[in-house]
2 protein chains.
Amino acid sequence: MPKVGMEPIRRQQLIKATMAAIDDVGLADATVMRIARHAGVSAGIISHYFGGKDGLMEATMRQILNDLGDAVSARRQALSTSSPRAHLEAIIDGNFDRSQVTGPVAKTWLAFWASSMHQPQLQRLQNVNDRRLYANLCHQFRFLMPREQARDAARALAAMIDGLWLRGALTPEGLDSDRARRLARDYLDQLLRTQDARTPRPSHEPQPES
Amino acid sequence: MPKVGMEPIRRQQLIKATMAAIDDVGLADATVMRIARHAGVSAGIISHYFGGKDGLMEATMRQILNDLGDAVSARRQALSTSSPRAHLEAIIDGNFDRSQVTGPVAKTWLAFWASSMHQPQLQRLQNVNDRRLYANLCHQFRFLMPREQARDAARALAAMIDGLWLRGALTPEGLDSDRARRLARDYLDQLLRTQDARTPRPSHEPQPES
DNA sequence: TTTTATTGATTGAACATTCAATAAAAAAAT
DNA sequence: ATTTTTTTATTGAATGTTCAATCAATAAAA
């Protein structure tokens, strides 16, 4: 089997095996041996390709966050409009993308989230991601309302999205992504409807009268 | 030092030390020796009073959830009205009670939440608590809207509350409980305003419950 | 023959738990 | 009141386990 160019293959294999192991037994019991067995390789290979267990964990979290970012970006770039509402909906949909909410990914995400509180490496990744979601939301809301109000809207919608993820990751049945998306969109509707009532629609796109 | 009646004192001491240790270094590095040192006792005492590390962890989580439940109950019982809105506000306030959102408690809570995915003992406690929050919210919303709508409102408000907690536990500055409470209350206002627009407000105050 | 990829036994560190030993307080006896 | 005995609380060294990391050995491909 030893061919040249194994590195990218093995890295991917091991990252996937890490998520599977965490999904199975949790982060605390996801030992290098268990992960290696999941990938069908020996334990030593992890240190060889990732420099150690920590390196593998960081690479795994990085992949999850990258995939999440890609899912959001893809949906936003597919939009033909620049309507803030459409972009906000795309951000919501991207966060509940199918590929992100399946068992292994969701559980791994939550496990990393918790452990990022005390692991500087993971905390950095976490913060970048958190801020990106908040900044994206805030930027779109700014088209529709004053600064402070936009900030609160972004904070609240971000909390709603994360809360739905969190509760979905914990329920035995897993996250019902259709329902989660619907609840988040309903909330967005309410935020924008509230706004309509207060400001006599400043700019951007034509909106229905209430 | 050895007096009679040490048990309740030591148990409390050790539970508090557990939260402090988890706040300091995270669940993964909260060893029995570190916890014991925090409490100023020897490691062996943990097995003596809690049967082992697992017992201490379970007792700690149970205490956090009990305190949270008590904070909610106290606020609801202090109400003179049976207005659903007042009860919903009390539930929100109780969840953002000062004593619950300080550093050690919040971090411990999140750490347990993550690990409850794979520890049956903790999962049981977690589920009981989750369902209680959802059921309480749902019951109050039922006074104000049809069943399915009440369920969605309860799901969404629960997600909002948990999301605010989660984001608060992760930010270095800690949870801004006043802001969190305000955002959650604003959301409740929106939910009820939406409702008012649809149903021509039937009876203002429902009958008191058990 | 050389290079690249992989193995798996070994090593040393960290850990939870146990338990015989100890010490203080309480109770009993003097 | 003083001494002795019993009970309760606590210690910390010893034990056995688990783990991540290492590295010399091996095997396939170039």
# chains A, B, ... in the order shown; residues from 1 in each chain; ligands from 1
call {"tool": "residues_around", "arguments": {"residues": "region 5-17 of chain D", "least_positions_apart": "2", "cutoff": "10 Å", "atoms": "only C-alpha atoms (C1' of nucleotides)", "output": "PyMOL selection string"}}
result
(chain B and resi 1-7+41-45+48) or (chain C and resi 15-19+21-29) or (chain D and resi 3+19)
call {"tool": "select_by_dssp", "arguments": {"residues": "region 34-154 of chain A", "states": "alpha helix (DSSP H)", "output": "PyMOL selection string"}}
result
chain A and resi 34-39+44-50+53-77+84-95+98-101+103-115+120-141+147-154
call {"tool": "closest_atom_pairs", "arguments": {"of": "chain C", "to": "chain A", "cutoff": "12 Å", "atoms": "only C-alpha atoms (C1' of nucleotides)", "output": "CSV"}}
result
residue,atom,partner,partner_atom,distance
C:DT3,C1',A:Val4,CA,9.5
C:DT4,C1',A:Val4,CA,6.3
C:DA5,C1',A:Pro2,CA,4.8
C:DT6,C1',A:Ile45,CA,7.2
C:DT7,C1',A:Ser42,CA,6.5
C:DG8,C1',A:Ser42,CA,7.8
C:DA9,C1',A:Gly44,CA,11.4
call {"tool": "calpha_fit_rmsd", "arguments": {"fixed": "chain B", "moving": "chain A"}}
result
3.4 Å
call {"tool": "interface_residues", "arguments": {"of": "chain A", "to": "chain B", "cutoff": "8 Å", "atoms": "only C-alpha atoms", "output": "JSON, numbers by chain"}}
result
{"A": [25, 26, 28, 107, 110, 111, 114, 115, 117, 118, 152, 156, 158, 159, 160, 161, 162, 163, 164, 166, 167, 170, 183, 184, 190, 191, 194]}
call {"tool": "interface_residues", "arguments": {"of": "chain D", "to": "chain A", "cutoff": "12 Å", "atoms": "only C-alpha atoms (C1' of nucleotides)", "output": "ChimeraX atom specification"}}
result
/D:18-23,26-30
call {"tool": "write_last_selection", "arguments": {"atoms": "N, CA and C atoms (P, O5', C5', C4', C3', O3' and C1' of nucleotides)", "output": "PDB file, in the first residue's frame"}}
result
ATOM      1  P    DT D  18      -7.146  -0.480  31.325  1.00  0.00           P
ATOM      2  O5'  DT D  18      -6.799   0.996  30.811  1.00  0.00           O
ATOM      3  C5'  DT D  18      -7.259   2.123  31.565  1.00  0.00           C
ATOM      4  C4'  DT D  18      -6.689   3.381  30.951  1.00  0.00           C
ATOM      5  C3'  DT D  18      -6.563   3.295  29.426  1.00  0.00           C
ATOM      6  O3'  DT D  18      -7.078   4.476  28.861  1.00  0.00           O
ATOM      7  C1'  DT D  18      -4.503   3.931  30.396  1.00  0.00           C
ATOM      8  P    DC D  19      -7.423   4.585  27.319  1.00  0.00           P
ATOM      9  O5'  DC D  19      -6.315   5.613  26.837  1.00  0.00           O
ATOM     10  C5'  DC D  19      -6.181   6.851  27.548  1.00  0.00           C
ATOM     11  C4'  DC D  19      -4.817   7.453  27.307  1.00  0.00           C
ATOM     12  C3'  DC D  19      -4.381   7.456  25.852  1.00  0.00           C
ATOM     13  O3'  DC D  19      -4.643   8.744  25.305  1.00  0.00           O
ATOM     14  C1'  DC D  19      -2.583   6.895  27.374  1.00  0.00           C
ATOM     15  P    DA D  20      -4.483   9.029  23.773  1.00  0.00           P
ATOM     16  O5'  DA D  20      -3.045   9.712  23.705  1.00  0.00           O
ATOM     17  C5'  DA D  20      -2.756  10.794  24.567  1.00  0.00           C
ATOM     18  C4'  DA D  20      -1.317  11.227  24.388  1.00  0.00           C
ATOM     19  C3'  DA D  20      -0.901  11.501  22.954  1.00  0.00           C
ATOM     20  O3'  DA D  20      -0.014  12.617  22.949  1.00  0.00           O
ATOM     21  C1'  DA D  20       0.384   9.701  23.823  1.00  0.00           C
ATOM     22  P    DA D  21       0.621  13.127  21.586  1.00  0.00           P
ATOM     23  O5'  DA D  21       2.071  12.456  21.617  1.00  0.00           O
ATOM     24  C5'  DA D  21       2.857  12.603  22.785  1.00  0.00           C
ATOM     25  C4'  DA D  21       4.156  11.828  22.636  1.00  0.00           C
ATOM     26  C3'  DA D  21       4.822  11.969  21.270  1.00  0.00           C
ATOM     27  O3'  DA D  21       6.202  12.275  21.474  1.00  0.00           O
ATOM     28  C1'  DA D  21       4.556   9.678  21.838  1.00  0.00           C
ATOM     29  P    DT D  22       7.149  12.550  20.218  1.00  0.00           P
ATOM     30  O5'  DT D  22       8.104  11.268  20.223  1.00  0.00           O
ATOM     31  C5'  DT D  22       8.547  10.767  21.488  1.00  0.00           C
ATOM     32  C4'  DT D  22       9.281   9.455  21.278  1.00  0.00           C
ATOM     33  C3'  DT D  22      10.159   9.404  20.032  1.00  0.00           C
ATOM     34  O3'  DT D  22      11.438   8.920  20.414  1.00  0.00           O
ATOM     35  C1'  DT D  22       8.729   7.525  20.098  1.00  0.00           C
ATOM     36  P    DC D  23      12.706   9.310  19.527  1.00  0.00           P
ATOM     37  O5'  DC D  23      13.102   7.882  18.932  1.00  0.00           O
ATOM     38  C5'  DC D  23      12.921   6.716  19.731  1.00  0.00           C
ATOM     39  C4'  DC D  23      12.977   5.484  18.848  1.00  0.00           C
ATOM     40  C3'  DC D  23      13.747   5.686  17.539  1.00  0.00           C
ATOM     41  O3'  DC D  23      14.455   4.498  17.229  1.00  0.00           O
ATOM     42  C1'  DC D  23      11.595   4.969  17.055  1.00  0.00           C
ATOM     43  P    DT D  26      12.961  -6.257  11.036  1.00  0.00           P
ATOM     44  O5'  DT D  26      11.819  -5.772  10.038  1.00  0.00           O
ATOM     45  C5'  DT D  26      10.456  -5.701  10.489  1.00  0.00           C
ATOM     46  C4'  DT D  26       9.587  -5.156   9.387  1.00  0.00           C
ATOM     47  C3'  DT D  26       9.842  -5.764   8.014  1.00  0.00           C
ATOM     48  O3'  DT D  26       8.617  -6.182   7.460  1.00  0.00           O
ATOM     49  C1'  DT D  26       9.787  -3.422   7.892  1.00  0.00           C
ATOM     50  P    DA D  27       8.553  -7.373   6.424  1.00  0.00           P
ATOM     51  O5'  DA D  27       7.620  -6.734   5.309  1.00  0.00           O
ATOM     52  C5'  DA D  27       6.527  -5.893   5.686  1.00  0.00           C
ATOM     53  C4'  DA D  27       6.304  -4.871   4.600  1.00  0.00           C
ATOM     54  C3'  DA D  27       6.573  -5.394   3.186  1.00  0.00           C
ATOM     55  O3'  DA D  27       5.489  -5.042   2.375  1.00  0.00           O
ATOM     56  C1'  DA D  27       7.674  -3.362   3.520  1.00  0.00           C
ATOM     57  P    DA D  28       4.979  -5.976   1.198  1.00  0.00           P
ATOM     58  O5'  DA D  28       4.594  -4.901   0.091  1.00  0.00           O
ATOM     59  C5'  DA D  28       3.694  -3.841   0.445  1.00  0.00           C
ATOM     60  C4'  DA D  28       4.167  -2.564  -0.171  1.00  0.00           C
ATOM     61  C3'  DA D  28       4.301  -2.592  -1.698  1.00  0.00           C
ATOM     62  O3'  DA D  28       3.401  -1.646  -2.231  1.00  0.00           O
ATOM     63  C1'  DA D  28       6.166  -1.527  -0.671  1.00  0.00           C
ATOM     64  P    DA D  29       2.923  -1.676  -3.742  1.00  0.00           P
ATOM     65  O5'  DA D  29       3.836  -0.537  -4.370  1.00  0.00           O
ATOM     66  C5'  DA D  29       3.520   0.824  -4.088  1.00  0.00           C
ATOM     67  C4'  DA D  29       4.734   1.679  -4.340  1.00  0.00           C
ATOM     68  C3'  DA D  29       5.096   1.883  -5.824  1.00  0.00           C
ATOM     69  O3'  DA D  29       4.929   3.265  -6.094  1.00  0.00           O
ATOM     70  C1'  DA D  29       7.036   1.466  -4.493  1.00  0.00           C
ATOM     71  P    DA D  30       4.991   3.825  -7.566  1.00  0.00           P
ATOM     72  O5'  DA D  30       6.480   4.401  -7.612  1.00  0.00           O
ATOM     73  C5'  DA D  30       6.868   5.325  -6.594  1.00  0.00           C
ATOM     74  C4'  DA D  30       8.342   5.647  -6.750  1.00  0.00           C
ATOM     75  C3'  DA D  30       8.767   5.936  -8.189  1.00  0.00           C
ATOM     76  O3'  DA D  30       9.593   7.084  -8.194  1.00  0.00           O
ATOM     77  C1'  DA D  30      10.126   4.223  -7.273  1.00  0.00           C
TER      78       DA D  30
END
call {"tool": "atom_distance", "arguments": {"atom1": "CA of Ala71 (chain B)", "atom2": "CA of Leu137 (chain B)"}}
result
15.3 Å
call {"tool": "atom_distance", "arguments": {"atom1": "CA of Pro120 (chain B)", "atom2": "CA of Glu58 (chain B)"}}
result
10.5 Å
